[in-house]
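Structure file protein11.tsv (TSV, C-alpha atoms) follows.
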```
chain	number	residue	atom	x	y	z
A	1447	MET	CA	33.45	-4.53	9.57
A	1448	ALA	CA	31.18	-1.79	8.29
A	1449	PRO	CA	28.28	-0.88	10.56
A	1450	VAL	CA	24.87	-2.35	9.67
A	1451	PHE	CA	22.19	0.25	8.99
A	1452	HIS	CA	18.54	-0.72	8.89
A	1453	GLU	CA	16.16	0.95	6.49
A	1454	LEU	CA	12.60	2.11	5.91
A	1455	THR	CA	11.59	1.34	2.32
A	1456	LEU	CA	8.40	2.34	0.52
A	1457	PHE	CA	7.19	0.25	-2.41
A	1458	HIS	CA	4.40	2.08	-4.23
A	1459	GLY	CA	2.27	1.59	-7.30
A	1460	SER	CA	-1.28	1.74	-8.60
A	1461	MET	CA	-3.83	-0.97	-7.94
A	1462	GLY	CA	-2.85	-4.22	-9.61
A	1463	ALA	CA	0.87	-3.39	-9.65
A	1464	GLY	CA	1.74	-6.42	-7.50
A	1465	LYS	CA	2.42	-4.78	-4.14
A	1466	SER	CA	0.84	-7.46	-1.97
A	1467	THR	CA	2.37	-10.26	-4.06
A	1468	LEU	CA	5.82	-8.75	-3.60
A	1469	ALA	CA	5.22	-8.26	0.13
A	1470	LEU	CA	4.35	-11.94	0.54
A	1471	GLN	CA	7.35	-13.03	-1.54
A	1472	ASN	CA	9.78	-10.88	0.43
A	1473	ALA	CA	8.38	-12.15	3.74
A	1474	TYR	CA	8.75	-15.75	2.56
A	1475	ASN	CA	12.34	-15.23	1.40
A	1476	ARG	CA	13.40	-13.58	4.65
A	1477	ARG	CA	11.86	-16.30	6.77
A	1478	GLN	CA	13.56	-18.93	4.62
A	1479	ALA	CA	16.82	-17.18	5.39
A	1480	GLY	CA	16.09	-17.48	9.11
A	1481	ARG	CA	15.16	-13.87	9.82
A	1482	PRO	CA	12.36	-13.24	12.32
A	1483	GLY	CA	9.66	-10.79	11.39
A	1484	VAL	CA	6.00	-9.85	11.29
A	1485	LEU	CA	3.45	-9.01	8.62
A	1486	LEU	CA	1.09	-6.11	9.23
A	1487	THR	CA	-1.89	-5.00	7.19
A	1488	SER	CA	-4.95	-2.82	7.36
A	1489	MET	CA	-8.35	-3.28	5.70
A	1490	ASP	CA	-7.20	-6.02	3.34
A	1491	ARG	CA	-9.71	-7.12	0.68
A	1492	ALA	CA	-9.79	-10.63	2.26
A	1493	GLY	CA	-10.74	-9.39	5.73
A	1494	ALA	CA	-9.08	-8.55	9.03
A	1495	GLY	CA	-5.79	-10.21	9.92
A	1496	VAL	CA	-5.00	-11.38	6.39
A	1497	LEU	CA	-2.47	-10.17	3.84
A	1498	SER	CA	-3.74	-11.29	0.44
A	1499	SER	CA	-2.70	-11.00	-3.18
A	1500	ARG	CA	-5.12	-10.86	-6.11
A	1501	LEU	CA	-3.26	-13.92	-7.42
A	1502	GLY	CA	-4.79	-15.92	-4.56
A	1503	VAL	CA	-1.78	-16.13	-2.24
A	1504	MET	CA	-2.31	-15.05	1.35
A	1505	ALA	CA	-0.82	-15.19	4.84
A	1506	ASP	CA	-1.85	-14.37	8.37
A	1507	ALA	CA	-0.98	-10.83	9.42
A	1508	ILE	CA	-1.51	-8.51	12.35
A	1509	GLU	CA	-4.36	-6.06	11.72
A	1510	VAL	CA	-3.36	-2.44	12.29
A	1511	ILE	CA	-6.07	-0.04	13.39
A	1512	ASP	CA	-5.86	3.69	13.99
A	1513	ALA	CA	-5.07	3.20	17.69
A	1514	THR	CA	-2.31	0.61	17.19
A	1515	ASP	CA	0.99	1.57	18.83
A	1516	LEU	CA	3.53	0.27	16.33
A	1517	VAL	CA	6.53	0.95	18.56
A	1518	ALA	CA	5.08	-1.26	21.30
A	1519	LEU	CA	4.02	-3.92	18.80
A	1520	ILE	CA	7.39	-4.12	17.07
A	1521	ALA	CA	9.34	-4.01	20.34
A	1522	SER	CA	7.38	-7.00	21.63
A	1523	GLU	CA	7.31	-9.05	18.41
A	1524	VAL	CA	10.51	-8.40	16.46
A	1525	PRO	CA	14.08	-8.74	17.76
A	1526	ALA	CA	16.91	-6.54	16.53
A	1527	GLY	CA	17.92	-7.56	13.03
A	1528	GLY	CA	14.40	-8.69	12.18
A	1529	PHE	CA	11.95	-7.31	9.66
A	1530	VAL	CA	8.52	-5.73	9.47
A	1531	ILE	CA	6.38	-5.83	6.32
A	1532	VAL	CA	3.40	-3.48	6.17
A	1533	ASP	CA	0.85	-3.91	3.38
A	1534	GLU	CA	-1.88	-1.33	2.69
A	1535	ALA	CA	0.44	1.20	4.32
A	1536	GLN	CA	-1.51	4.10	2.81
A	1537	PHE	CA	-4.03	3.55	5.62
A	1538	LEU	CA	-1.49	4.24	8.39
A	1539	ASN	CA	-1.84	7.54	10.17
A	1540	ILE	CA	1.04	10.01	10.27
A	1541	GLU	CA	2.04	9.10	13.83
A	1542	GLN	CA	2.25	5.41	12.90
A	1543	VAL	CA	4.56	6.16	9.98
A	1544	GLU	CA	6.78	8.13	12.33
A	1545	GLN	CA	6.74	5.18	14.74
A	1546	LEU	CA	7.98	2.91	11.94
A	1547	ALA	CA	10.85	5.28	11.21
A	1548	TRP	CA	11.71	5.35	14.94
A	1549	ALA	CA	11.67	1.54	15.06
A	1550	VAL	CA	14.13	1.36	12.17
A	1551	ASP	CA	16.53	3.74	13.89
A	1552	GLU	CA	16.17	2.66	17.52
A	1553	LEU	CA	15.08	-1.00	17.41
A	1554	CYS	CA	17.36	-1.91	14.49
A	1555	VAL	CA	14.77	-3.59	12.27
A	1556	ASP	CA	14.10	-3.28	8.56
A	1557	VAL	CA	10.64	-2.00	7.62
A	1558	ASP	CA	9.15	-2.41	4.15
A	1559	CYS	CA	5.88	-0.61	3.40
A	1560	TYR	CA	3.68	-1.36	0.39
A	1561	ALA	CA	1.19	1.34	-0.51
A	1562	ILE	CA	-0.97	3.06	-3.07
A	1563	ALA	CA	0.25	6.64	-3.24
A	1564	THR	CA	-2.93	8.48	-4.22
A	1565	ASP	CA	-6.64	8.10	-3.60
A	1566	PHE	CA	-9.57	8.23	-6.06
A	1567	ARG	CA	-9.30	12.05	-6.13
A	1568	SER	CA	-5.64	11.76	-7.22
A	1569	GLN	CA	-4.49	13.17	-3.87
A	1570	LEU	CA	-1.86	11.61	-1.63
A	1571	PHE	CA	-3.01	9.53	1.30
A	1572	PRO	CA	-1.58	11.11	4.50
A	1573	GLY	CA	0.22	7.87	5.37
A	1574	SER	CA	1.76	7.61	1.90
A	1575	GLN	CA	2.81	11.25	1.95
A	1576	ARG	CA	4.64	10.81	5.25
A	1577	LEU	CA	6.30	7.66	3.96
A	1578	PHE	CA	7.60	9.55	0.92
A	1579	GLU	CA	9.00	12.15	3.31
A	1580	LEU	CA	10.69	9.73	5.72
A	1581	ALA	CA	11.65	6.61	3.74
A	1582	ASP	CA	15.30	5.79	3.12
A	1583	HIS	CA	14.30	4.37	-0.27
A	1584	THR	CA	11.22	4.59	-2.47
A	1585	VAL	CA	10.58	1.99	-5.17
A	1586	SER	CA	8.01	2.51	-7.92
A	1587	LEU	CA	6.74	-0.91	-9.00
A	1588	GLN	CA	7.01	-1.42	-12.73
A	1589	VAL	CA	4.37	-4.11	-13.34
A	1590	GLU	CA	2.32	-2.98	-16.34
A	1591	VAL	CA	-1.11	-1.63	-15.41
A	1592	THR	CA	-3.13	-0.10	-18.24
A	1593	CYS	CA	-6.29	1.92	-18.67
A	1594	TRP	CA	-9.09	0.43	-20.75
A	1595	CYS	CA	-7.80	2.52	-23.67
A	1596	GLY	CA	-4.32	0.99	-23.51
A	1597	ARG	CA	-2.50	3.99	-22.03
A	1598	PRO	CA	-0.52	3.58	-18.78
A	1599	GLY	CA	-2.94	3.48	-15.84
A	1600	ARG	CA	-1.86	5.69	-12.95
A	1601	GLN	CA	-5.12	7.00	-11.49
A	1602	ASN	CA	-7.02	4.88	-8.97
A	1603	ALA	CA	-10.62	5.69	-9.91
A	1604	ARG	CA	-13.60	4.88	-7.70
A	1605	ILE	CA	-16.63	3.78	-9.72
A	1606	GLU	CA	-20.10	4.32	-8.26
A	1607	ASP	CA	-23.13	3.37	-10.39
A	1608	GLY	CA	-20.97	3.48	-13.51
A	1609	THR	CA	-19.68	6.98	-12.73
A	1610	VAL	CA	-16.17	8.08	-11.74
A	1611	ALA	CA	-16.61	9.47	-8.21
A	1612	ARG	CA	-15.18	12.88	-7.31
A	1613	PHE	CA	-16.40	13.25	-3.73
A	1614	GLY	CA	-16.76	11.08	-0.66
A	1615	ALA	CA	-14.73	9.52	2.14
A	1616	GLN	CA	-11.09	8.95	1.26
A	1617	VAL	CA	-11.22	5.33	2.43
A	1618	ALA	CA	-13.82	2.93	1.05
A	1619	VAL	CA	-12.55	-0.61	0.63
A	1620	GLY	CA	-13.46	-2.45	-2.55
A	1621	ASP	CA	-11.70	-4.34	-5.30
A	1622	ILE	CA	-11.10	-4.20	-9.03
A	1623	GLY	CA	-14.07	-5.70	-10.84
A	1624	ASP	CA	-15.74	-6.96	-7.65
A	1625	THR	CA	-19.37	-6.44	-8.60
A	1626	ALA	CA	-20.55	-7.63	-5.18
A	1627	ALA	CA	-18.79	-4.76	-3.45
A	1628	GLU	CA	-20.54	-1.48	-2.70
A	1629	VAL	CA	-17.56	0.34	-4.20
A	1630	THR	CA	-15.51	-0.76	-7.19
A	1631	TYR	CA	-12.23	0.61	-8.44
A	1632	ARG	CA	-10.59	0.80	-11.83
A	1633	VAL	CA	-7.17	2.03	-12.90
A	1634	LEU	CA	-7.49	4.78	-15.52
A	1635	CYS	CA	-5.08	6.92	-17.48
A	1636	ARG	CA	-4.94	10.59	-16.48
A	1637	ARG	CA	-7.04	11.67	-19.46
A	1638	HIS	CA	-9.94	9.30	-18.86
A	1639	TRP	CA	-9.82	9.91	-15.11
A	1640	ARG	CA	-10.02	13.66	-15.82
A	1641	GLU	CA	-12.88	13.17	-18.28
A	1642	GLY	CA	-14.69	10.83	-15.91
A	1643	ASP	CA	-14.82	8.03	-18.47
A	1644	PRO	CA	-14.61	4.62	-16.76
A	1645	GLY	CA	-14.70	2.67	-20.02
A	1646	PRO	CA	-17.24	1.17	-22.40
A	1647	ASP	CA	-18.33	-1.59	-20.01
A	1648	GLN	CA	-18.67	0.65	-16.95
A	1649	GLY	CA	-20.97	3.44	-18.05
```

How would this structure read if it were set down as structure tokens?
Amino acid sequence: MAPVFHELTLFHGSMGAGKSTLALQNAYNRRQAGRPGVLLTSMDRAGAGVLSSRLGVMADAIEVIDATDLVALIASEVPAGGFVIVDEAQFLNIEQVEQLAWAVDELCVDVDCYAIATDFRSQLFPGSQRLFELADHTVSLQVEVTCWCGRPGRQNARIEDGTVARFGAQVAVGDIGDTAAEVTYRVLCRRHWREGDPGPDQG
């Protein structure tokens, strides 16, 4: 019998690429197969302790904050051979990403992380950067996301008062097209992100 190796996998894509939907589907399939596991999230659009998809599907999850010790959490909640699914993994700090890698190697669990790679300034989130550095596998989600002009949308633009923001805190939770939010986001192509053009209905 070949030895069983557990893995840290990063699934990444722009907003609207289906990361949360895939996380929920994978969690469902693994539980159906009898595997124990936990869902973790941070600053989900639906509120604390919820992992939600824009399609309307959601599940209870453990809320991760900056002080959460993921080694202790996983050791107490997930037996060897189990799984951990982390949505909004871009919001993890560097130490927490390293704790996930340690848990894979030493606690013998599989960890899947779902994250946006870059922020509204087109710079890597620290958590995402460390995941790219440590993950056994990285998977770029291929769900089509387009800019308002029809080009591939790869830049996660923050829209404030109809203007593409260039400065501000890296983390400000909002949603695509959520006019009730203080901050809204829109996926743009590189050209229109660079030009600061959010589209004809945003200016």

Next item on the list: Could you jot down the CA of Ala1526 in chain A to CA of Val1555 in chain A separation for me, Å, one decimal place?
Entry: 5.6 Å

Give as a compact mmCIF listing (two decimals) with C-alpha atoms, keeping the file's coordinate frame each residue that has an atom at most 8 Å from (-8.4, 9.2, -7.0) in the file, counting all atoms listed in the file.
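Resulting contents of point.txt:
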```
# COMPACT_ATOMS: atom_id res chain seq x y z
CA THR A 1564 -2.93 8.48 -4.22
CA ASP A 1565 -6.64 8.10 -3.60
CA PHE A 1566 -9.57 8.23 -6.06
CA ARG A 1567 -9.30 12.05 -6.13
CA SER A 1568 -5.64 11.76 -7.22
CA GLN A 1569 -4.49 13.17 -3.87
CA GLN A 1601 -5.12 7.00 -11.49
CA ASN A 1602 -7.02 4.88 -8.97
CA ALA A 1603 -10.62 5.69 -9.91
CA ARG A 1604 -13.60 4.88 -7.70
CA ARG A 1612 -15.18 12.88 -7.31
```

Next item on the list: Dump as a PyMOL selection string all residues having an atom at most 10 Å from (-4.8, -9.2, 11.0), computed in the file's coordinates with only C-alpha atoms.
Entry: chain A and resi 1485-1490+1493-1497+1505-1511

Write the residues you've just listed into a file as a PDB file, in the frame of the given file, and include C-alpha atoms for each of them.
```
ATOM      1  CA  LEU A1485       3.450  -9.010   8.620  1.00  0.00           C
ATOM      2  CA  LEU A1486       1.090  -6.110   9.230  1.00  0.00           C
ATOM      3  CA  THR A1487      -1.890  -5.000   7.190  1.00  0.00           C
ATOM      4  CA  SER A1488      -4.950  -2.820   7.360  1.00  0.00           C
ATOM      5  CA  MET A1489      -8.350  -3.280   5.700  1.00  0.00           C
ATOM      6  CA  ASP A1490      -7.200  -6.020   3.340  1.00  0.00           C
ATOM      7  CA  GLY A1493     -10.740  -9.390   5.730  1.00  0.00           C
ATOM      8  CA  ALA A1494      -9.080  -8.550   9.030  1.00  0.00           C
ATOM      9  CA  GLY A1495      -5.790 -10.210   9.920  1.00  0.00           C
ATOM     10  CA  VAL A1496      -5.000 -11.380   6.390  1.00  0.00           C
ATOM     11  CA  LEU A1497      -2.470 -10.170   3.840  1.00  0.00           C
ATOM     12  CA  ALA A1505      -0.820 -15.190   4.840  1.00  0.00           C
ATOM     13  CA  ASP A1506      -1.850 -14.370   8.370  1.00  0.00           C
ATOM     14  CA  ALA A1507      -0.980 -10.830   9.420  1.00  0.00           C
ATOM     15  CA  ILE A1508      -1.510  -8.510  12.350  1.00  0.00           C
ATOM     16  CA  GLU A1509      -4.360  -6.060  11.720  1.00  0.00           C
ATOM     17  CA  VAL A1510      -3.360  -2.440  12.290  1.00  0.00           C
ATOM     18  CA  ILE A1511      -6.070  -0.040  13.390  1.00  0.00           C
TER      19      ILE A1511
END
```

Draw an axis-aligned box over all listed atoms of range 1482-1490 of chain A, pad each side with 8 Å, and write its centre and edge lengths in Å, one decimal, as AutoDock Vina command-line options.
```
--center_x 2.0 --center_y -8.0 --center_z 7.8 --size_x 36.7 --size_y 26.4 --size_z 25.0
```

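When all atoms listed in the file are used to measure the gap to Leu1538 in chain A, the shortest distance among A:Gly1502, A:Gly1614, A:Pro1644, A:Pro1572 belongs to A:Pro1572.
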
Show which residues sit within 8 Å of Phe1578 in chain A, as a CSV table (one decimal) with C-alpha atoms, keeping the file's coordinate frame. Count all atoms listed in the file, and ignore same-chain residues fewer than 4 positions away.
```csv
chain,number,residue,atom,x,y,z
A,1456,LEU,CA,8.4,2.3,0.5
A,1574,SER,CA,1.8,7.6,1.9
A,1584,THR,CA,11.2,4.6,-2.5
```

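Counting only C-alpha atoms, the residue from A:Gln1536, A:Gln1478, A:Gln1471, A:Ser1586 that sits nearest to Ser1498 in chain A is A:Gln1471.
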
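Computed from the coordinates, the CA of Asn1475 in chain A to CA of His1452 in chain A distance equals 17.5 Å.
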
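Near range 1547-1554 of chain A, within 10 Å and counting all atoms listed in the file, sit Val1450, Phe1451, His1452, Glu1453, Leu1454, Thr1455, Leu1516, Val1517, Ala1518, Ile1520, Ala1521, Val1524, Pro1525, Ala1526, Gly1527, Gly1528, Phe1529, Val1530, Glu1541, Gln1542, Val1543, Leu1577, Leu1580, Ala1581 and Asp1582 of chain A, not including residues fewer than 4 positions from it in the same chain.
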
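With only C-alpha atoms as the atoms that count, the residue of A:Gln1616, A:Thr1609, A:Ser1499, A:Thr1592 with the shortest distance to Leu1634 in chain A is A:Thr1592.
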
Checklist line | Minimum-distance residue to Asp1556 in chain A, chosen among A:Ala1513, A:Ala1473, A:Ala1535, A:Val1591 (using only C-alpha atoms) | finding: A:Ala1473

Notebook entry, point to check: Separation of CA of Val1585 in chain A and CA of Val1484 in chain A, in Å?
Noted result: 20.8 Å

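Residues in contact range of Leu1468 in chain A, defined as at most 12 Å between all atoms listed in the file, with sequence neighbours fewer than 6 positions away removed, read Phe1457, His1458, Gly1459, Gly1462, Tyr1474, Asn1475, Leu1497, Ser1498, Ser1499, Arg1500, Leu1501, Val1503, Met1504, Ile1531, Val1532, Asp1533, Asp1558, Cys1559, Tyr1560, Ala1561, Val1585, Leu1587, Gln1588 and Val1589 of chain A.
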
Just C-alpha atoms for this one: save the residues we selected as a PDB file, keeping the file's coordinate frame.
```
ATOM      1  CA  PHE A1457       7.190   0.250  -2.410  1.00  0.00           C
ATOM      2  CA  HIS A1458       4.400   2.080  -4.230  1.00  0.00           C
ATOM      3  CA  GLY A1459       2.270   1.590  -7.300  1.00  0.00           C
ATOM      4  CA  GLY A1462      -2.850  -4.220  -9.610  1.00  0.00           C
ATOM      5  CA  TYR A1474       8.750 -15.750   2.560  1.00  0.00           C
ATOM      6  CA  ASN A1475      12.340 -15.230   1.400  1.00  0.00           C
ATOM      7  CA  LEU A1497      -2.470 -10.170   3.840  1.00  0.00           C
ATOM      8  CA  SER A1498      -3.740 -11.290   0.440  1.00  0.00           C
ATOM      9  CA  SER A1499      -2.700 -11.000  -3.180  1.00  0.00           C
ATOM     10  CA  ARG A1500      -5.120 -10.860  -6.110  1.00  0.00           C
ATOM     11  CA  LEU A1501      -3.260 -13.920  -7.420  1.00  0.00           C
ATOM     12  CA  VAL A1503      -1.780 -16.130  -2.240  1.00  0.00           C
ATOM     13  CA  MET A1504      -2.310 -15.050   1.350  1.00  0.00           C
ATOM     14  CA  ILE A1531       6.380  -5.830   6.320  1.00  0.00           C
ATOM     15  CA  VAL A1532       3.400  -3.480   6.170  1.00  0.00           C
ATOM     16  CA  ASP A1533       0.850  -3.910   3.380  1.00  0.00           C
ATOM     17  CA  ASP A1558       9.150  -2.410   4.150  1.00  0.00           C
ATOM     18  CA  CYS A1559       5.880  -0.610   3.400  1.00  0.00           C
ATOM     19  CA  TYR A1560       3.680  -1.360   0.390  1.00  0.00           C
ATOM     20  CA  ALA A1561       1.190   1.340  -0.510  1.00  0.00           C
ATOM     21  CA  VAL A1585      10.580   1.990  -5.170  1.00  0.00           C
ATOM     22  CA  LEU A1587       6.740  -0.910  -9.000  1.00  0.00           C
ATOM     23  CA  GLN A1588       7.010  -1.420 -12.730  1.00  0.00           C
ATOM     24  CA  VAL A1589       4.370  -4.110 -13.340  1.00  0.00           C
TER      25      VAL A1589
END
```

Reconstructed N, CA and C atoms for range 1581-1599 of chain A, given as a CSV table (one decimal), in the frame of the given file:
```csv
chain,number,residue,atom,x,y,z
A,1581,ALA,N,11.0,7.9,4.2
A,1581,ALA,CA,11.6,6.6,3.7
A,1581,ALA,C,13.1,6.8,3.3
A,1582,ASP,N,13.9,5.8,3.6
A,1582,ASP,CA,15.3,5.8,3.1
A,1582,ASP,C,15.3,5.5,1.6
A,1583,HIS,N,14.4,4.7,1.2
A,1583,HIS,CA,14.3,4.4,-0.3
A,1583,HIS,C,12.8,4.3,-0.7
A,1584,THR,N,12.5,4.8,-1.9
A,1584,THR,CA,11.2,4.6,-2.5
A,1584,THR,C,11.4,3.8,-3.8
A,1585,VAL,N,10.5,2.8,-4.0
A,1585,VAL,CA,10.6,2.0,-5.2
A,1585,VAL,C,9.2,2.0,-5.9
A,1586,SER,N,9.2,2.5,-7.1
A,1586,SER,CA,8.0,2.5,-7.9
A,1586,SER,C,7.9,1.2,-8.7
A,1587,LEU,N,6.9,0.4,-8.4
A,1587,LEU,CA,6.7,-0.9,-9.0
A,1587,LEU,C,6.4,-0.7,-10.5
A,1588,GLN,N,7.1,-1.6,-11.3
A,1588,GLN,CA,7.0,-1.4,-12.7
A,1588,GLN,C,6.1,-2.4,-13.4
A,1589,VAL,N,5.3,-3.2,-12.7
A,1589,VAL,CA,4.4,-4.1,-13.3
A,1589,VAL,C,3.4,-3.3,-14.2
A,1590,GLU,N,3.2,-3.7,-15.4
A,1590,GLU,CA,2.3,-3.0,-16.3
A,1590,GLU,C,0.9,-3.0,-15.9
A,1591,VAL,N,0.3,-1.8,-15.7
A,1591,VAL,CA,-1.1,-1.6,-15.4
A,1591,VAL,C,-1.6,-0.6,-16.4
A,1592,THR,N,-2.7,-1.0,-17.2
A,1592,THR,CA,-3.1,-0.1,-18.2
A,1592,THR,C,-4.6,0.3,-18.0
A,1593,CYS,N,-4.9,1.4,-18.6
A,1593,CYS,CA,-6.3,1.9,-18.7
A,1593,CYS,C,-7.0,1.1,-19.7
A,1594,TRP,N,-8.3,1.2,-19.8
A,1594,TRP,CA,-9.1,0.4,-20.8
A,1594,TRP,C,-8.7,0.8,-22.2
A,1595,CYS,N,-8.2,2.0,-22.3
A,1595,CYS,CA,-7.8,2.5,-23.7
A,1595,CYS,C,-6.4,2.1,-24.1
A,1596,GLY,N,-5.7,1.5,-23.2
A,1596,GLY,CA,-4.3,1.0,-23.5
A,1596,GLY,C,-3.2,1.9,-23.0
A,1597,ARG,N,-3.5,3.1,-22.6
A,1597,ARG,CA,-2.5,4.0,-22.0
A,1597,ARG,C,-2.1,3.5,-20.6
A,1598,PRO,N,-0.9,3.9,-20.1
A,1598,PRO,CA,-0.5,3.6,-18.8
A,1598,PRO,C,-1.6,4.0,-17.8
A,1599,GLY,N,-2.0,3.2,-16.9
A,1599,GLY,CA,-2.9,3.5,-15.8
A,1599,GLY,C,-2.3,3.9,-14.6
```
